[in-house]
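Source file coords_3.cif; content: mmCIF, C-alpha atoms.
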data_structure
loop_
_atom_site.label_atom_id
_atom_site.label_comp_id
_atom_site.auth_asym_id
_atom_site.auth_seq_id
_atom_site.Cartn_x
_atom_site.Cartn_y
_atom_site.Cartn_z
CA MET E 212 -17.19 4.33 12.27
CA LYS E 213 -19.35 5.21 9.29
CA VAL E 214 -17.69 7.67 6.96
CA ASN E 215 -19.19 9.81 4.26
CA THR E 216 -19.85 7.19 1.61
CA ASP E 217 -19.96 9.72 -1.23
CA GLU E 218 -16.28 10.30 -0.59
CA TYR E 219 -15.48 6.70 -1.49
CA GLN E 220 -17.78 6.24 -4.44
CA LYS E 221 -15.88 4.29 -7.10
CA LYS E 222 -12.68 4.14 -5.06
CA THR E 223 -10.83 0.85 -5.07
CA ALA E 224 -8.66 -0.79 -2.43
CA LEU E 225 -6.28 -3.72 -2.44
CA VAL E 226 -6.05 -5.61 0.85
CA THR E 227 -3.45 -8.36 1.16
CA GLY E 228 -4.30 -11.33 3.34
CA GLY E 229 -7.99 -10.50 3.19
CA SER E 230 -9.69 -13.86 3.68
CA LYS E 231 -9.19 -14.19 7.43
CA GLY E 232 -8.29 -12.37 10.62
CA ILE E 233 -7.84 -8.60 10.57
CA GLY E 234 -7.72 -8.51 6.76
CA ARG E 235 -11.18 -10.05 6.50
CA GLU E 236 -12.61 -7.37 8.80
CA VAL E 237 -10.89 -4.69 6.72
CA VAL E 238 -12.42 -6.07 3.50
CA LYS E 239 -15.87 -6.11 5.10
CA LEU E 240 -15.59 -2.62 6.52
CA LEU E 241 -14.30 -1.11 3.28
CA ALA E 242 -17.06 -2.81 1.30
CA LYS E 243 -19.69 -1.50 3.71
CA ASN E 244 -18.26 1.98 3.14
CA ASN E 245 -18.79 1.67 -0.63
CA ILE E 246 -15.18 0.98 -1.50
CA ASN E 247 -14.49 -1.64 -4.18
CA VAL E 248 -12.14 -4.23 -2.75
CA ILE E 249 -9.65 -6.59 -4.29
CA PHE E 250 -8.19 -8.87 -1.67
CA THR E 251 -5.55 -11.54 -1.78
CA TYR E 252 -5.61 -14.85 0.00
CA ASN E 253 -2.98 -17.53 0.24
CA LYS E 254 -4.63 -20.96 0.01
CA ASN E 255 -7.96 -20.73 1.81
CA TYR E 256 -10.23 -20.34 -1.20
CA LYS E 257 -13.27 -21.51 0.78
CA ALA E 258 -12.88 -18.60 3.20
CA ALA E 259 -12.30 -16.23 0.27
CA TYR E 260 -15.43 -17.42 -1.56
CA ALA E 261 -17.45 -17.24 1.65
CA LEU E 262 -16.35 -13.64 2.12
CA MET E 263 -17.32 -12.70 -1.44
CA GLU E 264 -20.67 -14.41 -0.91
CA GLU E 265 -21.19 -12.57 2.38
CA LEU E 266 -20.57 -9.22 0.70
CA LYS E 267 -22.49 -9.85 -2.52
CA ASP E 268 -25.28 -7.44 -1.55
CA CYS E 269 -22.88 -4.54 -1.02
CA ASN E 270 -23.04 -2.05 -3.86
CA VAL E 271 -19.36 -2.56 -4.78
CA PHE E 272 -17.27 -5.22 -6.46
CA ILE E 273 -15.34 -7.63 -4.28
CA THR E 274 -12.68 -9.82 -5.87
CA GLY E 275 -10.45 -12.37 -4.21
CA ILE E 276 -7.16 -13.20 -5.95
CA PRO E 277 -5.03 -16.12 -4.77
CA CYS E 278 -1.46 -15.02 -4.10
CA ASP E 279 1.24 -16.63 -2.02
CA LEU E 280 3.41 -13.67 -1.02
CA ASN E 281 6.33 -16.06 -0.68
CA ASN E 282 6.13 -16.80 -4.40
CA GLN E 283 7.53 -14.11 -6.71
CA SER E 284 5.72 -15.27 -9.84
CA GLU E 285 2.38 -15.15 -8.01
CA ILE E 286 3.15 -11.63 -6.77
CA ASP E 287 4.04 -10.55 -10.31
CA HIS E 288 0.80 -12.05 -11.60
CA LEU E 289 -1.12 -10.10 -8.95
CA VAL E 290 0.63 -6.86 -9.93
CA THR E 291 -0.15 -7.40 -13.62
CA THR E 292 -3.79 -8.16 -12.84
CA ILE E 293 -4.16 -5.01 -10.77
CA LEU E 294 -2.36 -2.76 -13.27
CA TYR E 295 -4.38 -3.90 -16.26
CA THR E 296 -7.73 -4.70 -14.68
CA TYR E 297 -8.05 -2.26 -11.80
CA PRO E 298 -5.73 0.66 -12.66
CA ASN E 299 -7.72 3.19 -10.62
CA LEU E 300 -6.33 1.98 -7.33
CA HIS E 301 -6.75 4.43 -4.44
CA PHE E 302 -5.93 2.44 -1.35
CA LEU E 303 -3.41 -0.22 -0.49
CA VAL E 304 -3.56 -2.11 2.79
CA ASN E 305 -0.48 -4.28 3.25
CA ASN E 306 -1.94 -6.57 5.85
CA ALA E 307 -0.75 -10.10 5.01
CA GLY E 308 1.71 -11.47 7.49
CA THR E 309 3.13 -14.68 8.83
CA ASN E 310 5.10 -15.71 11.87
CA ILE E 311 7.40 -18.61 12.68
CA ASP E 312 8.11 -18.13 16.37
CA LYS E 313 11.21 -19.81 17.80
CA PRO E 314 14.15 -18.90 20.03
CA PHE E 315 16.65 -17.05 17.85
CA SER E 316 19.25 -19.83 18.23
CA GLN E 317 16.82 -22.28 16.62
CA ILE E 318 15.71 -20.15 13.70
CA LYS E 319 16.70 -21.71 10.38
CA ASP E 320 17.54 -19.66 7.31
CA ASP E 321 14.18 -20.55 5.75
CA ASP E 322 12.31 -19.44 8.89
CA TRP E 323 14.07 -16.10 8.75
CA HIS E 324 13.68 -15.49 5.03
CA ASN E 325 10.06 -16.65 4.87
CA VAL E 326 8.95 -14.24 7.58
CA ILE E 327 10.97 -11.32 6.18
CA GLN E 328 9.70 -12.05 2.65
CA VAL E 329 5.98 -12.18 3.45
CA ASN E 330 5.90 -9.36 6.00
CA LEU E 331 8.49 -6.90 4.70
CA ASN E 332 9.72 -7.69 1.19
CA ALA E 333 6.27 -8.34 -0.26
CA THR E 334 4.97 -5.14 1.33
CA ALA E 335 7.77 -3.11 -0.24
CA TYR E 336 7.56 -4.84 -3.64
CA LEU E 337 3.80 -4.53 -4.00
CA THR E 338 3.85 -0.93 -2.86
CA GLN E 339 6.60 -0.08 -5.34
CA LYS E 340 4.82 -1.70 -8.27
CA LEU E 341 1.43 -0.13 -7.48
CA LEU E 342 2.66 3.20 -6.14
CA ARG E 343 2.20 5.28 -9.26
CA ARG E 344 -1.44 4.19 -9.53
CA ILE E 345 -1.94 5.44 -5.97
CA LEU E 346 -0.03 8.67 -6.65
CA ILE E 347 -2.25 9.40 -9.64
CA GLN E 348 -5.41 8.79 -7.60
CA GLN E 349 -3.98 10.69 -4.60
CA GLY E 350 -4.78 7.66 -2.51
CA SER E 351 -3.37 6.34 0.72
CA VAL E 352 -1.40 3.35 2.03
CA VAL E 353 -1.69 1.61 5.38
CA ASN E 354 0.82 -1.02 6.40
CA VAL E 355 -0.04 -3.39 9.21
CA THR E 356 2.88 -3.82 11.55
CA SER E 357 2.84 -5.01 15.18
CA ILE E 358 3.82 -3.88 18.64
CA SER E 359 6.49 -6.60 18.31
CA GLY E 360 8.20 -4.30 15.81
CA ILE E 361 8.37 -1.60 18.48
CA THR E 362 8.96 -3.45 21.75
CA GLY E 363 10.42 -6.73 20.47
CA ALA E 364 9.10 -10.08 21.69
CA ILE E 365 10.71 -13.30 22.88
CA GLY E 366 10.71 -15.88 20.08
CA GLN E 367 9.94 -13.29 17.41
CA THR E 368 13.32 -11.99 16.26
CA ASN E 369 12.41 -12.55 12.61
CA TYR E 370 8.87 -11.22 12.96
CA SER E 371 9.97 -8.20 15.02
CA ALA E 372 12.73 -7.38 12.52
CA ALA E 373 10.24 -7.50 9.65
CA LYS E 374 7.64 -5.42 11.48
CA ALA E 375 10.23 -2.84 12.57
CA GLY E 376 11.37 -2.72 8.94
CA ILE E 377 7.82 -1.88 7.87
CA ILE E 378 7.78 1.07 10.28
CA GLY E 379 11.03 2.49 8.84
CA PHE E 380 9.84 1.83 5.30
CA THR E 381 6.60 3.66 6.03
CA ARG E 382 8.29 6.72 7.51
CA SER E 383 10.66 7.05 4.53
CA LEU E 384 8.04 6.46 1.86
CA ALA E 385 5.73 9.00 3.52
CA LYS E 386 8.46 11.62 3.13
CA GLU E 387 8.97 10.68 -0.54
CA VAL E 388 5.34 10.78 -1.61
CA GLY E 389 3.96 13.56 0.58
CA THR E 390 4.42 15.97 -2.31
CA PHE E 391 1.78 13.96 -4.21
CA ASN E 392 -0.68 14.37 -1.33
CA VAL E 393 -0.39 10.64 -0.71
CA ARG E 394 -0.18 9.45 2.88
CA VAL E 395 1.52 6.30 4.17
CA ASN E 396 0.92 5.09 7.70
CA CYS E 397 1.18 2.02 9.89
CA VAL E 398 -1.17 0.40 12.32
CA ALA E 399 0.52 -1.57 15.10
CA PRO E 400 -1.97 -3.91 16.73
CA GLY E 401 -1.33 -5.36 20.15
CA TYR E 402 -2.87 -8.68 21.11
CA ILE E 403 -5.96 -9.14 18.97
CA GLU E 404 -8.40 -12.05 19.00
CA THR E 405 -7.28 -13.77 15.78
CA GLU E 406 -6.11 -17.20 14.70
CA MET E 407 -2.56 -16.00 15.42
CA LEU E 408 -3.31 -16.19 19.16
CA ASP E 409 -4.59 -19.77 18.99
CA SER E 410 -1.15 -21.14 19.77
CA VAL E 411 -0.62 -18.86 22.79
CA PRO E 412 -1.24 -20.70 26.09
CA SER E 413 -4.26 -19.48 28.09
CA THR E 414 -2.07 -18.55 31.07
CA ASN E 415 -0.14 -16.16 28.82
CA ILE E 416 -3.39 -14.66 27.54
CA LYS E 417 -4.48 -14.05 31.13
CA ARG E 418 -1.17 -12.36 31.89
CA ILE E 419 -1.43 -10.19 28.75
CA LYS E 420 -4.95 -9.06 29.70
CA LYS E 421 -3.72 -8.17 33.18
CA GLN E 422 -0.88 -6.06 31.75
CA THR E 423 -3.19 -4.26 29.33
CA ALA E 424 -4.74 -1.00 30.56
CA LEU E 425 -8.16 -1.96 29.17
CA LYS E 426 -7.84 -5.50 30.68
CA ARG E 427 -8.90 -7.31 27.53
CA LEU E 428 -7.71 -8.42 24.11
CA GLY E 429 -8.53 -6.27 21.12
CA ASN E 430 -10.92 -7.35 18.43
CA LYS E 431 -10.43 -7.35 14.68
CA LYS E 432 -13.05 -4.69 14.05
CA GLU E 433 -11.14 -2.22 16.24
CA ILE E 434 -8.10 -2.63 13.99
CA ALA E 435 -10.17 -2.44 10.81
CA GLU E 436 -11.79 0.80 12.01
CA THR E 437 -8.34 2.28 12.64
CA ILE E 438 -7.19 1.29 9.16
CA LEU E 439 -10.29 2.86 7.60
CA PHE E 440 -9.66 6.03 9.58
CA LEU E 441 -6.05 6.26 8.34
CA LEU E 442 -7.14 5.65 4.73
CA SER E 443 -9.86 8.28 4.93
CA ASP E 444 -9.64 12.04 4.63
CA LYS E 445 -10.36 12.22 8.36
CA ALA E 446 -6.63 11.47 8.71
CA SER E 447 -5.65 14.02 6.05
CA TYR E 448 -2.77 15.49 8.09
CA ILE E 449 -1.37 12.19 9.36
CA THR E 450 1.46 10.55 7.46
CA GLY E 451 4.54 8.49 8.27
CA GLN E 452 3.02 7.52 11.59
CA THR E 453 2.54 4.27 13.43
CA LEU E 454 -0.75 4.18 15.29
CA ILE E 455 -0.51 1.72 18.17
CA VAL E 456 -3.81 -0.03 18.87
CA ASP E 457 -3.04 -2.21 21.88
CA GLY E 458 -5.50 -1.25 24.61
CA GLY E 459 -2.72 0.43 26.54
CA LEU E 460 -0.30 -2.50 26.73
CA ILE E 461 2.97 -0.70 25.96
CA MET X 153 3.93 16.57 -34.58
CA ILE X 154 2.61 17.50 -31.20
CA ASN X 155 0.41 20.59 -31.25
CA GLN X 156 1.65 23.80 -29.65
CA GLU X 157 -0.98 23.78 -26.91
CA LYS X 158 0.05 20.35 -25.62
CA LYS X 159 3.72 21.26 -25.97
CA ASP X 160 3.23 24.42 -23.90
CA HIS X 161 1.32 22.46 -21.30
CA ILE X 162 4.16 19.92 -20.98
CA LEU X 163 6.81 22.64 -20.85
CA SER X 164 4.85 24.42 -18.11
CA LEU X 165 4.69 21.20 -16.10
CA ILE X 166 8.43 20.61 -16.49
CA ALA X 167 9.24 24.22 -15.57
CA GLU X 168 7.04 24.03 -12.49
CA ILE X 169 8.42 20.70 -11.29
CA ALA X 170 12.10 21.47 -12.02
CA ASP X 171 11.63 25.06 -10.77
CA ILE X 172 13.18 26.65 -13.87
CA GLN X 173 12.07 29.13 -16.51
CA LYS X 174 10.09 27.65 -19.37
CA ASP X 175 12.29 29.51 -21.87
CA ASP X 176 15.35 27.69 -20.57
CA ILE X 177 13.97 24.32 -21.68
CA LYS X 178 14.94 23.05 -25.11
CA ASP X 179 13.27 20.12 -26.87
CA GLU X 180 16.52 18.19 -26.86
CA SER X 181 17.33 18.95 -23.22
CA THR X 182 17.86 15.88 -21.10
CA PHE X 183 16.20 15.70 -17.68
CA GLU X 184 19.68 15.75 -16.16
CA GLU X 185 20.56 18.98 -17.95
CA ILE X 186 17.51 20.78 -16.59
CA GLY X 187 18.14 19.49 -13.07
CA MET X 188 15.30 17.01 -12.99
CA ASP X 189 16.07 14.18 -10.59
CA SER X 190 14.30 10.82 -10.40
CA LEU X 191 11.67 12.03 -7.93
CA MET X 192 10.88 15.00 -10.15
CA ALA X 193 10.63 12.65 -13.14
CA LEU X 194 8.14 10.58 -11.16
CA GLU X 195 6.13 13.71 -10.39
CA LEU X 196 6.18 14.63 -14.07
CA ALA X 197 4.95 11.15 -15.03
CA VAL X 198 2.11 11.36 -12.52
CA ARG X 199 1.06 14.83 -13.69
CA ILE X 200 1.20 13.77 -17.35
CA GLU X 201 -0.90 10.67 -16.68
CA ARG X 202 -3.46 12.74 -14.80
CA GLU X 203 -3.62 15.69 -17.16
CA PHE X 204 -3.28 13.93 -20.52
CA GLU X 205 -5.06 10.70 -19.54
CA VAL X 206 -2.29 8.46 -20.79
CA PHE X 207 -0.89 5.40 -19.02
CA ILE X 208 2.87 5.26 -18.54
CA GLN X 209 4.25 1.85 -17.69
CA GLU X 210 7.31 1.56 -15.47
CA GLU X 211 9.57 0.46 -18.34
CA GLU X 212 8.32 3.33 -20.50
CA LEU X 213 9.07 5.80 -17.76
CA MET X 214 12.70 4.66 -17.88
CA ASN X 215 12.77 5.51 -21.61
CA LEU X 216 11.74 9.13 -21.03
CA ARG X 217 15.11 10.85 -20.81
CA LYS X 218 14.63 14.01 -22.86
CA VAL X 219 11.94 16.66 -23.10
CA GLU X 220 11.21 15.62 -26.69
CA ASP X 221 10.65 12.03 -25.49
CA VAL X 222 7.77 13.36 -23.40
CA PHE X 223 6.30 15.22 -26.40
CA LEU X 224 6.48 12.05 -28.47
CA PHE X 225 4.97 9.94 -25.72
CA VAL X 226 1.98 12.23 -25.23
CA GLU X 227 1.50 12.70 -28.98
CA GLN X 228 1.35 8.93 -29.50
CA GLY X 229 -1.26 8.61 -26.76
CA GLY X 230 0.98 6.84 -24.31
CA PHE X 231 3.13 4.63 -26.49
CA ILE X 232 6.76 4.76 -27.55
CA ASP X 233 7.79 2.47 -30.41
#
What would you get if you wrote out this structure as structure tokens?
Amino acid sequence: MKVNTDEYQKKTALVTGGSKGIGREVVKLLAKNNINVIFTYNKNYKAAYALMEELKDCNVFITGIPCDLNNQSEIDHLVTTILYTYPNLHFLVNNAGTNIDKPFSQIKDDDWHNVIQVNLNATAYLTQKLLRRILIQQGSVVNVTSISGITGAIGQTNYSAAKAGIIGFTRSLAKEVGTFNVRVNCVAPGYIETEMLDSVPSTNIKRIKKQTALKRLGNKKEIAETILFLLSDKASYITGQTLIVDGGLI
Amino acid sequence: MINQEKKDHILSLIAEIADIQKDDIKDESTFEEIGMDSLMALELAVRIEREFEVFIQEEELMNLRKVEDVFLFVEQGGFID
């Protein structure tokens, strides 16, 4: 989808978890639509630098900031950097996520807290700290959740709880900030060809494709396009919603 | 001292957001007294930042409790000592 680029001139987005997977596609798509992008990455600085290099000819600024969303001081540093360096923030894409899949009986406290922290707590904290910037710019927020947060999934009690939490958070925040003409939505991807699927056995992948109406996995660009749509004015009357992008799986 | 034009502008914003008459607002009125809840205070902060081009930090927002605090804040260009 190519949107009216004039609309985005000088607008700035923050994308968490932007160096790989869906986040990387989001960064690329936003940049190609003339949106300045600040993205966070955890440890993979090579991937982050490669992405900045890849996008150097786009007529926007692209900045990667290292931030472990499991580390409060790093999150606070990110917030300070954004507030003082890029105060004209329009868009926030809370994309970063992590999973530690195990049967519930085997989940340790750390496994639980780590997944809730990165997926849910960091999303809420960052949004809270940057919200007023977005209210002033009349921007938009998209949170990346998962179909696991809607249907549940074996071995993903922590991940599903966090992703379901994001959906509730989104609905409530949308009601709070609607008066500012700011929209908050979720995208819930199904099974997408990312590194996250590397650990899934091929027989399971075959079964998933069979159960999906479109008989295939999704690709990262399809999720990025959906996120761009929800950020854009094309979705101007959509807020508090969770858009499921799963090829007809659920 | 804040000039009358800015003061009127701020009072109009407060009256609009709190849905009260401008004449009912006194300089020393607290937000609570004029029925301004925390969401309304947030809306006021956003409108002030937009319309007066000042930057209100979170901790400063907490210090704005009275109408006259807002006058002072805008007059000082976004700083409270």
Please tell me which residues are no farther than 9 Å from (-17.5, -5.6, 1.3) in the file, counting all atoms listed in the file, and write them as a short mmCIF file (atom, residue, chain, number, x, y, z; two decimals) with C-alpha atoms, in the coordinates of the input.
data_model
loop_
_atom_site.label_atom_id
_atom_site.label_comp_id
_atom_site.auth_asym_id
_atom_site.auth_seq_id
_atom_site.Cartn_x
_atom_site.Cartn_y
_atom_site.Cartn_z
CA VAL E 237 -10.89 -4.69 6.72
CA VAL E 238 -12.42 -6.07 3.50
CA LYS E 239 -15.87 -6.11 5.10
CA LEU E 240 -15.59 -2.62 6.52
CA LEU E 241 -14.30 -1.11 3.28
CA ALA E 242 -17.06 -2.81 1.30
CA LYS E 243 -19.69 -1.50 3.71
CA ASN E 244 -18.26 1.98 3.14
CA ASN E 245 -18.79 1.67 -0.63
CA ILE E 246 -15.18 0.98 -1.50
CA ASN E 247 -14.49 -1.64 -4.18
CA VAL E 248 -12.14 -4.23 -2.75
CA LEU E 262 -16.35 -13.64 2.12
CA MET E 263 -17.32 -12.70 -1.44
CA GLU E 265 -21.19 -12.57 2.38
CA LEU E 266 -20.57 -9.22 0.70
CA LYS E 267 -22.49 -9.85 -2.52
CA ASP E 268 -25.28 -7.44 -1.55
CA CYS E 269 -22.88 -4.54 -1.02
CA ASN E 270 -23.04 -2.05 -3.86
CA VAL E 271 -19.36 -2.56 -4.78
CA PHE E 272 -17.27 -5.22 -6.46
CA ILE E 273 -15.34 -7.63 -4.28
#
With the PyMOL selection byres ((chain X) within 10 of (chain E)) as the selection, what would be picked from this file? Answer as a PyMOL selection string, please. chain X and resi 191+194-195+197-203+207-210
Spatial neighbours of Thr251 (chain E), 9 Å, only C-alpha atoms, chain gap at least 6 places, as a PyMOL selection string: chain E and resi 225-230+259+274-279+289+307
On this structure, the PyMOL selection byres ((chain E and resi 282) around 12) would catch which residues? List them as a list in words, sorted by chain and number. Asn253, Pro277, Cys278, Asp279, Leu280, Asn281, Gln283, Ser284, Glu285, Ile286, Asp287, His288, Leu289, Asn325, Gln328, Val329, Asn332 and Ala333 of chain E
Set up a box along x, y and z of the file covering all listed atoms of region 282-301 of chain E, add 6 Å on every one of the six sides, and write the centre and edge lengths in Å to one decimal, as JSON.
{"center_x": -0.3, "center_y": -6.2, "center_z": -10.3, "size_x": 27.6, "size_y": 33.2, "size_z": 23.9}
I'd like the residues picked by the PyMOL selection byres ((chain E and resi 323) around 12) written out as a VMD selection string, using the chain letters and numbers from the file. chain E and resid 309 to 322 324 to 331 366 to 373
Atom pair CA of Ala167 (chain X) / CA of Val393 (chain E): separation (Å):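 Distance between the two atoms: 22.3 Å.
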Please list as a list in words every residue within 9 Å of Thr405 (chain E), counting only C-alpha atoms and excluding residues in the same chain fewer than 2 positions away. Lys231, Gly232, Ile233, Tyr402, Ile403, Met407, Leu408, Asp409, Asn430 and Lys431 of chain E
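Distance-wise, CA of Leu425 (chain E) and CA of Gly459 (chain E) end up 6.5 Å apart.
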